[in-house]
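Content type TSV, C-alpha atoms, from the file query33.tsv:
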chain	number	residue	atom	x	y	z
Q	1	MET	CA	64.26	159.87	91.89
Q	2	ALA	CA	65.08	160.68	95.53
Q	3	ARG	CA	61.62	162.21	95.91
Q	4	THR	CA	60.00	159.01	94.54
Q	5	ALA	CA	62.06	156.86	96.93
Q	6	ASN	CA	61.05	159.13	99.80
Q	7	LEU	CA	57.35	158.87	98.88
Q	8	THR	CA	57.62	155.05	98.60
Q	9	GLU	CA	59.29	154.92	102.04
Q	10	ARG	CA	56.59	157.11	103.58
Q	11	LEU	CA	53.84	154.98	102.02
Q	12	ALA	CA	55.47	151.84	103.45
Q	13	ASN	CA	53.62	152.60	106.66
Q	14	PRO	CA	50.12	151.05	106.25
Q	15	THR	CA	48.58	153.62	108.63
Q	16	ARG	CA	49.91	156.47	106.48
Q	17	PHE	CA	48.73	154.68	103.34
Q	18	MET	CA	45.23	154.28	104.83
Q	19	ALA	CA	45.07	157.99	105.69
Q	20	LEU	CA	46.33	159.13	102.28
Q	21	SER	CA	44.17	156.67	100.28
Q	22	ALA	CA	41.06	157.68	102.27
Q	23	ARG	CA	41.59	161.27	101.14
Q	24	MET	CA	42.40	160.29	97.51
Q	25	LEU	CA	39.74	157.63	96.86
Q	26	PRO	CA	36.62	159.86	96.51
Q	27	TRP	CA	38.39	162.20	94.06
Q	28	VAL	CA	39.90	159.39	91.98
Q	29	SER	CA	36.50	157.63	91.84
Q	30	LEU	CA	34.78	160.85	90.80
Q	31	LEU	CA	37.39	161.46	88.07
Q	32	ALA	CA	36.97	157.88	86.76
Q	33	PHE	CA	33.16	158.26	86.73
Q	34	GLY	CA	33.38	161.61	84.89
Q	35	LEU	CA	35.84	160.33	82.27
Q	36	ILE	CA	33.89	157.14	81.60
Q	37	ALA	CA	30.61	159.10	81.36
Q	38	ALA	CA	32.23	161.50	78.86
Q	39	GLY	CA	33.70	158.53	76.97
Q	40	LEU	CA	30.26	156.86	76.75
Q	41	VAL	CA	28.70	160.04	75.32
Q	42	LEU	CA	31.52	160.36	72.76
Q	43	SER	CA	31.20	156.63	71.89
Q	44	ALA	CA	27.44	156.93	71.41
Q	45	ASN	CA	27.94	159.87	69.03
Q	46	ALA	CA	30.78	158.26	67.03
Q	47	PRO	CA	29.77	157.63	63.39
Q	48	PRO	CA	29.66	154.09	61.94
Q	49	ASP	CA	32.91	152.80	60.44
Q	50	TYR	CA	32.89	152.29	56.65
Q	51	GLN	CA	33.79	148.59	57.05
Q	52	GLN	CA	32.55	147.58	60.50
Q	53	GLY	CA	29.48	149.79	60.75
Q	54	HIS	CA	28.30	150.43	64.33
Q	55	THR	CA	30.19	147.41	65.72
Q	56	VAL	CA	33.19	149.75	65.91
Q	57	LYS	CA	31.56	150.96	69.15
Q	58	ILE	CA	32.64	147.67	70.77
Q	59	MET	CA	36.26	148.84	70.31
Q	60	PHE	CA	35.66	151.68	72.81
Q	61	ILE	CA	35.21	149.20	75.67
Q	62	HIS	CA	37.09	146.15	74.37
Q	63	VAL	CA	40.43	147.96	73.92
Q	64	PRO	CA	40.40	149.59	77.43
Q	65	CYS	CA	39.53	146.21	79.02
Q	66	ALA	CA	42.37	144.50	77.12
Q	67	TRP	CA	44.74	147.34	78.04
Q	68	LEU	CA	43.83	147.02	81.75
Q	69	ALA	CA	44.18	143.22	81.60
Q	70	MET	CA	47.86	143.70	80.70
Q	71	ALA	CA	48.48	146.85	82.79
Q	72	THR	CA	47.19	145.12	85.92
Q	73	TYR	CA	49.59	142.24	85.34
Q	74	VAL	CA	52.47	144.74	85.04
Q	75	LEU	CA	51.31	146.21	88.37
Q	76	ILE	CA	51.34	142.73	89.96
Q	77	ALA	CA	54.81	142.00	88.53
Q	78	VAL	CA	56.25	145.31	89.82
Q	79	SER	CA	54.65	144.71	93.25
Q	80	SER	CA	56.04	141.15	93.30
Q	81	ALA	CA	59.52	142.46	92.51
Q	82	GLY	CA	59.04	145.04	95.28
Q	83	LEU	CA	58.25	142.20	97.71
Q	84	LEU	CA	61.08	139.85	96.69
Q	85	ILE	CA	63.82	142.47	96.22
Q	86	PHE	CA	62.97	145.36	98.56
Q	87	ARG	CA	60.62	143.59	101.01
Q	88	HIS	CA	58.30	146.59	100.80
Q	89	PRO	CA	55.52	146.03	103.37
Q	90	LEU	CA	52.74	147.10	101.00
Q	91	ALA	CA	54.06	145.24	97.93
Q	92	ASP	CA	52.28	141.98	98.77
Q	93	VAL	CA	49.10	143.87	99.68
Q	94	SER	CA	49.25	145.53	96.24
Q	95	ALA	CA	49.87	142.27	94.34
Q	96	LYS	CA	47.13	140.38	96.19
Q	97	ALA	CA	44.60	143.21	95.74
Q	98	ALA	CA	45.28	143.56	92.00
Q	99	ALA	CA	44.86	139.88	90.97
Q	100	PRO	CA	41.01	139.62	91.06
Q	101	ILE	CA	40.69	143.02	89.33
Q	102	GLY	CA	43.07	141.91	86.58
Q	103	ALA	CA	41.16	138.63	86.19
Q	104	ALA	CA	37.87	140.56	85.83
Q	105	PHE	CA	39.24	142.87	83.10
Q	106	THR	CA	40.84	139.95	81.25
Q	107	LEU	CA	37.53	138.09	81.29
Q	108	LEU	CA	35.79	141.25	79.99
Q	109	ALA	CA	38.39	141.58	77.20
Q	110	LEU	CA	37.73	137.94	76.20
Q	111	ILE	CA	33.93	138.31	76.30
Q	112	THR	CA	33.77	141.65	74.45
Q	113	GLY	CA	36.34	140.39	71.92
Q	114	SER	CA	34.26	137.29	71.35
Q	115	LEU	CA	31.07	139.36	70.88
Q	116	TRP	CA	32.95	141.60	68.43
Q	117	GLY	CA	34.40	138.57	66.62
Q	118	LYS	CA	31.06	136.96	65.78
Q	119	PRO	CA	29.75	139.75	63.48
Q	120	MET	CA	33.24	140.57	62.10
Q	121	TRP	CA	34.89	137.15	61.70
Q	122	GLY	CA	31.80	134.94	61.73
Q	123	THR	CA	32.90	133.11	64.89
Q	124	TYR	CA	32.95	133.76	68.62
Q	125	TRP	CA	36.30	132.06	69.11
Q	126	ALA	CA	39.37	130.98	67.15
Q	127	TRP	CA	42.47	129.33	68.59
Q	128	ASP	CA	44.72	132.03	67.16
Q	129	ALA	CA	47.79	133.46	68.88
Q	130	ARG	CA	46.27	136.68	70.31
Q	131	LEU	CA	43.08	135.10	71.66
Q	132	THR	CA	44.87	132.07	73.07
Q	133	SER	CA	47.62	134.13	74.75
Q	134	VAL	CA	44.98	136.35	76.44
Q	135	LEU	CA	43.16	133.19	77.60
Q	136	ILE	CA	46.48	132.00	79.11
Q	137	LEU	CA	46.77	135.37	80.89
Q	138	PHE	CA	43.29	134.79	82.37
Q	139	PHE	CA	44.32	131.33	83.60
Q	140	LEU	CA	47.53	132.87	85.01
Q	141	TYR	CA	45.42	135.30	87.07
Q	142	LEU	CA	43.28	132.39	88.33
Q	143	GLY	CA	46.50	130.49	89.12
Q	144	LEU	CA	47.83	133.39	91.21
Q	145	ILE	CA	44.56	133.59	93.17
Q	146	ALA	CA	44.37	129.80	93.64
Q	147	LEU	CA	48.03	129.43	94.69
Q	148	ARG	CA	47.68	132.12	97.34
Q	149	SER	CA	44.49	130.68	98.80
Q	150	SER	CA	45.90	127.14	98.83
Q	151	LEU	CA	48.75	128.04	101.23
Q	152	ASP	CA	47.99	128.68	104.91
Q	153	ASP	CA	51.38	130.25	105.65
Q	154	GLU	CA	50.89	133.92	104.66
Q	155	ALA	CA	54.61	134.66	104.08
Q	156	LEU	CA	55.13	131.51	101.98
Q	157	ALA	CA	51.96	132.27	99.98
Q	158	ALA	CA	53.19	135.82	99.29
Q	159	LYS	CA	56.63	134.67	98.08
Q	160	SER	CA	55.32	131.75	95.97
Q	161	THR	CA	52.72	133.98	94.31
Q	162	ALA	CA	55.32	136.67	93.65
Q	163	LEU	CA	57.62	134.12	91.98
Q	164	LEU	CA	54.81	132.77	89.78
Q	165	ALA	CA	53.82	136.34	88.86
Q	166	LEU	CA	57.38	137.18	87.78
Q	167	VAL	CA	57.70	133.99	85.71
Q	168	GLY	CA	54.34	134.77	84.11
Q	169	VAL	CA	55.56	138.15	82.82
Q	170	VAL	CA	56.76	136.27	79.72
Q	171	ILE	CA	53.12	136.17	78.52
Q	172	LEU	CA	52.98	139.98	78.11
Q	173	PRO	CA	55.33	140.32	75.09
Q	174	VAL	CA	53.71	137.20	73.60
Q	175	ILE	CA	50.29	138.91	73.78
Q	176	LYS	CA	51.64	142.23	72.50
Q	177	PHE	CA	53.58	140.85	69.53
Q	178	SER	CA	51.43	137.78	68.75
Q	179	VAL	CA	49.73	139.67	65.91
Q	180	ASN	CA	53.14	140.36	64.32
Q	181	TRP	CA	54.82	137.00	64.99
Q	182	TRP	CA	51.99	134.75	63.80
Q	183	TYR	CA	49.20	134.87	61.26
Q	184	THR	CA	46.09	135.69	63.30
Q	185	LEU	CA	42.44	136.58	62.78
Q	186	HIS	CA	42.95	139.46	65.20
Q	187	GLN	CA	43.91	142.73	63.51
Q	188	PRO	CA	47.40	144.21	64.15
Q	189	SER	CA	47.90	146.68	67.02
Q	190	THR	CA	46.16	150.01	66.53
Q	191	ARG	CA	48.62	152.85	65.92
Q	192	PHE	CA	46.57	155.65	67.44
Q	193	THR	CA	47.90	158.57	65.42
Q	194	ALA	CA	48.58	156.82	62.12
Q	195	THR	CA	45.69	154.41	61.55
Q	196	LEU	CA	42.79	155.73	63.58
Q	197	ASP	CA	40.57	158.62	62.50
Q	198	PRO	CA	40.11	161.31	65.23
Q	199	VAL	CA	36.35	160.59	65.37
Q	200	PHE	CA	37.24	157.13	66.76
Q	201	ARG	CA	40.54	158.08	68.43
Q	202	THR	CA	39.05	160.65	70.84
Q	203	PRO	CA	36.34	158.41	72.39
Q	204	LEU	CA	38.82	155.54	72.61
Q	205	LEU	CA	41.44	157.67	74.40
Q	206	VAL	CA	38.88	159.15	76.82
Q	207	MET	CA	37.52	155.66	77.63
Q	208	ALA	CA	41.05	154.24	78.02
Q	209	LEU	CA	41.95	157.09	80.39
Q	210	GLY	CA	38.68	156.64	82.32
Q	211	PHE	CA	39.24	152.89	82.70
Q	212	THR	CA	42.85	153.48	83.83
Q	213	VAL	CA	41.70	155.91	86.54
Q	214	LEU	CA	38.99	153.36	87.47
Q	215	LEU	CA	41.74	150.73	87.91
Q	216	VAL	CA	43.58	153.12	90.28
Q	217	ALA	CA	40.37	153.61	92.31
Q	218	LEU	CA	39.54	149.87	92.44
Q	219	HIS	CA	43.12	148.99	93.36
Q	220	LEU	CA	43.27	151.59	96.16
Q	221	LYS	CA	39.99	150.29	97.58
Q	222	ALA	CA	41.09	146.64	97.31
Q	223	MET	CA	44.41	147.48	99.04
Q	224	ARG	CA	42.54	149.25	101.85
Q	225	ASN	CA	40.33	146.16	102.27
Q	226	GLU	CA	43.37	143.88	102.39
Q	227	ILE	CA	45.03	146.02	105.09
Q	228	LEU	CA	41.78	145.96	107.11
Q	229	ARG	CA	41.55	142.16	106.63
Q	230	ARG	CA	45.09	141.75	108.02
Q	231	ARG	CA	44.26	143.98	111.00
Q	232	VAL	CA	41.08	141.98	111.73
Q	233	ARG	CA	43.03	138.70	111.56
Q	234	SER	CA	45.76	139.99	113.85
Q	235	LEU	CA	43.22	141.31	116.39
Q	236	THR	CA	41.23	138.07	116.24
Q	237	MET	CA	44.38	136.08	117.05
Q	238	ARG	CA	45.13	138.48	119.90
Q	239	ALA	CA	41.58	138.05	121.24
Q	240	VAL	CA	41.93	134.24	121.10
Q	241	GLU	CA	45.30	134.42	122.93
Q	242	ARG	CA	43.76	136.65	125.60
Q	243	ALA	CA	40.79	134.27	126.04
Q	244	ASN	CA	43.16	131.30	126.36
Q	245	ARG	CA	45.27	133.13	128.97
Q	246	GLU	CA	42.16	134.04	130.98
Q	247	ALA	CA	40.82	130.45	130.79
Q	248	LEU	CA	44.21	129.10	131.96
Q	249	ALA	CA	44.34	131.60	134.84
Q	250	SER	CA	40.82	130.73	136.05
Q	251	ALA	CA	41.58	126.99	135.77
Q	252	THR	CA	44.75	127.48	137.84
Q	253	ALA	CA	42.80	129.49	140.44
Q	254	VAL	CA	40.14	126.74	140.73
Q	255	ALA	CA	42.85	124.07	141.11
Q	256	GLU	CA	44.50	126.03	143.96
C	1	MET	CA	19.52	154.71	68.81
C	2	ASP	CA	19.70	152.62	65.62
C	3	LEU	CA	22.84	150.47	65.81
C	4	GLY	CA	22.20	148.42	62.70
C	5	PRO	CA	21.95	144.63	62.30
C	6	HIS	CA	24.52	143.88	65.05
C	7	ALA	CA	22.89	146.03	67.76
C	8	THR	CA	22.45	143.02	70.08
C	9	PHE	CA	26.21	142.36	70.13
C	10	ILE	CA	26.96	146.02	70.88
C	11	TRP	CA	24.36	146.36	73.67
C	12	LEU	CA	25.42	143.02	75.17
C	13	CYS	CA	29.08	144.13	75.32
C	14	TYR	CA	28.25	147.39	77.12
C	15	ALA	CA	25.77	145.64	79.46
C	16	ILE	CA	28.23	142.90	80.46
C	17	VAL	CA	31.06	145.40	81.09
C	18	GLY	CA	28.65	147.57	83.14
C	19	VAL	CA	27.39	144.64	85.22
C	20	VAL	CA	30.89	143.24	85.93
C	21	ILE	CA	32.30	146.67	86.92
C	22	ALA	CA	29.24	147.40	89.09
C	23	ALA	CA	29.63	143.98	90.75
C	24	LEU	CA	33.34	144.65	91.38
C	25	VAL	CA	32.62	148.08	92.91
C	26	GLY	CA	29.71	146.69	94.97
C	27	PHE	CA	31.75	143.74	96.25
C	28	LEU	CA	34.70	145.97	97.26
C	29	ALA	CA	32.40	148.47	99.02
C	30	ALA	CA	30.49	145.73	100.89
C	31	GLU	CA	33.71	143.93	101.87
C	32	GLY	CA	35.24	147.20	103.15
C	33	ALA	CA	32.14	147.97	105.24
C	34	ARG	CA	32.09	144.42	106.71
C	35	LEU	CA	35.79	144.56	107.64
C	36	LYS	CA	35.38	148.02	109.25
C	37	ARG	CA	32.48	146.64	111.34
C	38	GLU	CA	34.51	143.60	112.44
C	39	LEU	CA	37.47	145.81	113.36
C	40	ALA	CA	35.23	148.17	115.37
C	41	ASP	CA	33.67	145.18	117.21
C	42	LEU	CA	37.10	143.81	118.15
C	43	GLU	CA	38.30	147.22	119.33
C	44	ALA	CA	35.09	147.64	121.34
C	45	GLN	CA	35.98	144.38	123.14
C	46	GLY	CA	39.23	146.05	124.19
C	47	VAL	CA	41.50	144.18	121.74
C	48	MET	CA	44.01	146.73	120.43
C	49	ARG	CA	46.77	146.62	117.84
C	50	GLU	CA	50.36	146.62	119.14
C	51	ARG	CA	51.31	149.61	117.00
C	52	ALA	CA	48.07	151.55	117.49
C	53	GLY	CA	49.47	153.59	120.35
C	54	LYS	CA	52.73	154.24	118.50
C	55	ASP	CA	50.88	155.31	115.33
C	56	ASP	CA	48.83	157.79	117.35
C	57	LYS	CA	52.06	159.23	118.77
C	58	ASP	CA	53.55	159.44	115.23
C	59	ARG	CA	50.51	161.36	114.01
C	60	ALA	CA	50.76	163.80	116.91
Written as structure tokens, how would this file's structure read?
Amino acid sequence: MARTANLTERLANPTRFMALSARMLPWVSLLAFGLIAAGLVLSANAPPDYQQGHTVKIMFIHVPCAWLAMATYVLIAVSSAGLLIFRHPLADVSAKAAAPIGAAFTLLALITGSLWGKPMWGTYWAWDARLTSVLILFFLYLGLIALRSSLDDEALAAKSTALLALVGVVILPVIKFSVNWWYTLHQPSTRFTATLDPVFRTPLLVMALGFTVLLVALHLKAMRNEILRRRVRSLTMRAVERANREALASATAVAE
Amino acid sequence: MDLGPHATFIWLCYAIVGVVIAALVGFLAAEGARLKRELADLEAQGVMRERAGKDDKDRA
């Protein structure tokens, strides 16, 4: 616990974070690429399911996308709590960087789910609890992005977005348990060891792991970009201040 | 690879996921390169960060 707190404190320095993430990023990206490539080979070689036929292959990318849609929101919520409670300097950077990535994976979960639904259920979309709650999650991501960009004051934008993100956490248990609480077209949650044959379980786990490592790589890169963006803004303001000072000094010299 | 009567749905899913992830990676890489260029231009004009000197000392 003390070691974790120490690591978090050390990473609070953006310069240290930039140095560490620069060393980590190529290896994390390579690991994600390798796992996803292995997952794709395993998925291609998976046999057809006795009920779904080859459409079971959609599960190998739909489930990881849906998993990342929720995991990214957890990441945003934890970062938001880190900003509001501990005022961690990188917490807002983390939350801001994660929102577009989470929105992209939620959109992919909705699209792949819809394309899986048509051959299995006979429809692309149904207003059932699971599908609708994931759609709300997508709108929540868009709301977080829109709220932040609508406020000019950076500190106010960070706090308002963090509050909305924490309120929005309520959608996660609704998504998770929607298939148990309500009658839905969507099948119940997959219990990996009990209900899934190893020929489907292995490719799914490898793809899920690959997508999770991909999320880490994308998030690190997006955080690095956000830190660079803040540095550029701060230097631009400094350059403008310097130009104003020089203009004022030359005007004063001319007047004298 | 014969994927049966629903092959279009399967290929479409994999293609869309591939395109969106490639776009995300491409956008992040391009954005990072643009920001690094802007930062280098500003530093070349002699505009420095307040903490830059202190960070260099910390590293030493």
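If only C-alpha atoms are the atoms counted, then among Q:Met70, Q:Ala22, Q:Leu144, Q:Val179 the closest residue to Asn225 of chain Q is Q:Ala22.
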Do you have, as a tab-separated table, the list of residues of chain Q lying at most 6 Å from chain C, each with its nearest atom pair and that distance in Å to one decimal, counting all atoms listed in the file and ordered by chain then number?
residue	atom	partner	partner_atom	distance
Q:His54	CA	C:Leu3	CA	5.7
Q:Ile58	CA	C:Ile10	CA	5.9
Q:Thr112	CA	C:Cys13	CA	5.4
Q:Leu115	CA	C:Phe9	CA	5.8
Q:Asn225	CA	C:Gly32	CA	5.3
Q:Val232	CA	C:Leu39	CA	5.5
### Query
Any idea what the distance is between atom CA of Ala44 of chain Q and atom CA of Gly113 of chain Q?
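Computing the Euclidean distance for atom CA of Ala44 of chain Q and atom CA of Gly113 of chain Q yields 18.8 Å.
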### Query
So how many Å separate atom CA of Ala129 of chain Q and atom CA of Thr184 of chain Q, to one decimal?
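For atom CA of Ala129 of chain Q relative to atom CA of Thr184 of chain Q, the distance reads 6.2 Å.
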### Task
Measure the distance from atom CA of Pro100 of chain Q to atom CA of Gly26 of chain C in Å and round it to one decimal.
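Between atom CA of Pro100 of chain Q and atom CA of Gly26 of chain C the gap is 13.9 Å.
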With the cut-off set at 12 Å and counting all atoms listed in the file, tabulate each residue of segment 53-158 of chain Q with an atom at most that distance from an atom of segment 26-36 of chain Q, showing the nearest atom pair and its distance in Å to one decimal, ordered by chain and increasing number, as JSON lines.
{"residue": "Q:Phe60", "atom": "CA", "partner": "Q:Ile36", "partner_atom": "CA", "distance": 10.5}
{"residue": "Q:Ile61", "atom": "CA", "partner": "Q:Ile36", "partner_atom": "CA", "distance": 10.0}
{"residue": "Q:Pro64", "atom": "CA", "partner": "Q:Ile36", "partner_atom": "CA", "distance": 10.8}
#### Entry: Best match for closeness to Phe17 of chain Q among Q:Ala46, Q:Ser94, Q:Cys65, Q:Thr106, counting only C-alpha atoms
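The shortest atom-to-atom distance to Phe17 of chain Q comes from Q:Ser94.
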Non-local contacts of Ala97 of chain Q (7 Å; only C-alpha atoms; under 3 positions in same chain excluded) as a short mmCIF file (atom, residue, chain, number, x, y, z; two decimals) with C-alpha atoms, keeping the file's coordinate frame:
data_model
loop_
_atom_site.label_atom_id
_atom_site.label_comp_id
_atom_site.auth_asym_id
_atom_site.auth_seq_id
_atom_site.Cartn_x
_atom_site.Cartn_y
_atom_site.Cartn_z
CA VAL Q 93 49.10 143.87 99.68
CA SER Q 94 49.25 145.53 96.24
CA PRO Q 100 41.01 139.62 91.06
CA HIS Q 219 43.12 148.99 93.36
CA ALA Q 222 41.09 146.64 97.31
CA MET Q 223 44.41 147.48 99.04
CA GLU Q 226 43.37 143.88 102.39
#
Name all residues at most 12 Å from segment 162-177 of chain Q (count all atoms listed in the file; drop same-chain ones fewer than 5 positions away) and give them as an mmCIF file with C-alpha atoms, in the frame of the given file.
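Dumped everything to result-v9.cif:
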data_model
loop_
_atom_site.group_PDB
_atom_site.id
_atom_site.type_symbol
_atom_site.label_atom_id
_atom_site.label_comp_id
_atom_site.auth_asym_id
_atom_site.auth_seq_id
_atom_site.Cartn_x
_atom_site.Cartn_y
_atom_site.Cartn_z
ATOM 1 C CA ALA Q 66 42.370 144.500 77.120
ATOM 2 C CA TRP Q 67 44.740 147.340 78.040
ATOM 3 C CA ALA Q 69 44.180 143.220 81.600
ATOM 4 C CA MET Q 70 47.860 143.700 80.700
ATOM 5 C CA ALA Q 71 48.480 146.850 82.790
ATOM 6 C CA THR Q 72 47.190 145.120 85.920
ATOM 7 C CA TYR Q 73 49.590 142.240 85.340
ATOM 8 C CA VAL Q 74 52.470 144.740 85.040
ATOM 9 C CA LEU Q 75 51.310 146.210 88.370
ATOM 10 C CA ILE Q 76 51.340 142.730 89.960
ATOM 11 C CA ALA Q 77 54.810 142.000 88.530
ATOM 12 C CA VAL Q 78 56.250 145.310 89.820
ATOM 13 C CA SER Q 79 54.650 144.710 93.250
ATOM 14 C CA SER Q 80 56.040 141.150 93.300
ATOM 15 C CA ALA Q 81 59.520 142.460 92.510
ATOM 16 C CA GLY Q 82 59.040 145.040 95.280
ATOM 17 C CA LEU Q 83 58.250 142.200 97.710
ATOM 18 C CA LEU Q 84 61.080 139.850 96.690
ATOM 19 C CA ILE Q 85 63.820 142.470 96.220
ATOM 20 C CA ARG Q 87 60.620 143.590 101.010
ATOM 21 C CA ALA Q 91 54.060 145.240 97.930
ATOM 22 C CA ASP Q 92 52.280 141.980 98.770
ATOM 23 C CA VAL Q 93 49.100 143.870 99.680
ATOM 24 C CA SER Q 94 49.250 145.530 96.240
ATOM 25 C CA ALA Q 95 49.870 142.270 94.340
ATOM 26 C CA LYS Q 96 47.130 140.380 96.190
ATOM 27 C CA ALA Q 98 45.280 143.560 92.000
ATOM 28 C CA ALA Q 99 44.860 139.880 90.970
ATOM 29 C CA ASP Q 128 44.720 132.030 67.160
ATOM 30 C CA ALA Q 129 47.790 133.460 68.880
ATOM 31 C CA ARG Q 130 46.270 136.680 70.310
ATOM 32 C CA LEU Q 131 43.080 135.100 71.660
ATOM 33 C CA THR Q 132 44.870 132.070 73.070
ATOM 34 C CA SER Q 133 47.620 134.130 74.750
ATOM 35 C CA VAL Q 134 44.980 136.350 76.440
ATOM 36 C CA LEU Q 135 43.160 133.190 77.600
ATOM 37 C CA ILE Q 136 46.480 132.000 79.110
ATOM 38 C CA LEU Q 137 46.770 135.370 80.890
ATOM 39 C CA PHE Q 138 43.290 134.790 82.370
ATOM 40 C CA PHE Q 139 44.320 131.330 83.600
ATOM 41 C CA LEU Q 140 47.530 132.870 85.010
ATOM 42 C CA TYR Q 141 45.420 135.300 87.070
ATOM 43 C CA LEU Q 142 43.280 132.390 88.330
ATOM 44 C CA GLY Q 143 46.500 130.490 89.120
ATOM 45 C CA LEU Q 144 47.830 133.390 91.210
ATOM 46 C CA ILE Q 145 44.560 133.590 93.170
ATOM 47 C CA ALA Q 146 44.370 129.800 93.640
ATOM 48 C CA LEU Q 147 48.030 129.430 94.690
ATOM 49 C CA ARG Q 148 47.680 132.120 97.340
ATOM 50 C CA ALA Q 155 54.610 134.660 104.080
ATOM 51 C CA LEU Q 156 55.130 131.510 101.980
ATOM 52 C CA ALA Q 157 51.960 132.270 99.980
ATOM 53 C CA TRP Q 182 51.990 134.750 63.800
ATOM 54 C CA TYR Q 183 49.200 134.870 61.260
ATOM 55 C CA THR Q 184 46.090 135.690 63.300
ATOM 56 C CA HIS Q 186 42.950 139.460 65.200
ATOM 57 C CA GLN Q 187 43.910 142.730 63.510
ATOM 58 C CA PRO Q 188 47.400 144.210 64.150
ATOM 59 C CA SER Q 189 47.900 146.680 67.020
ATOM 60 C CA THR Q 190 46.160 150.010 66.530
#
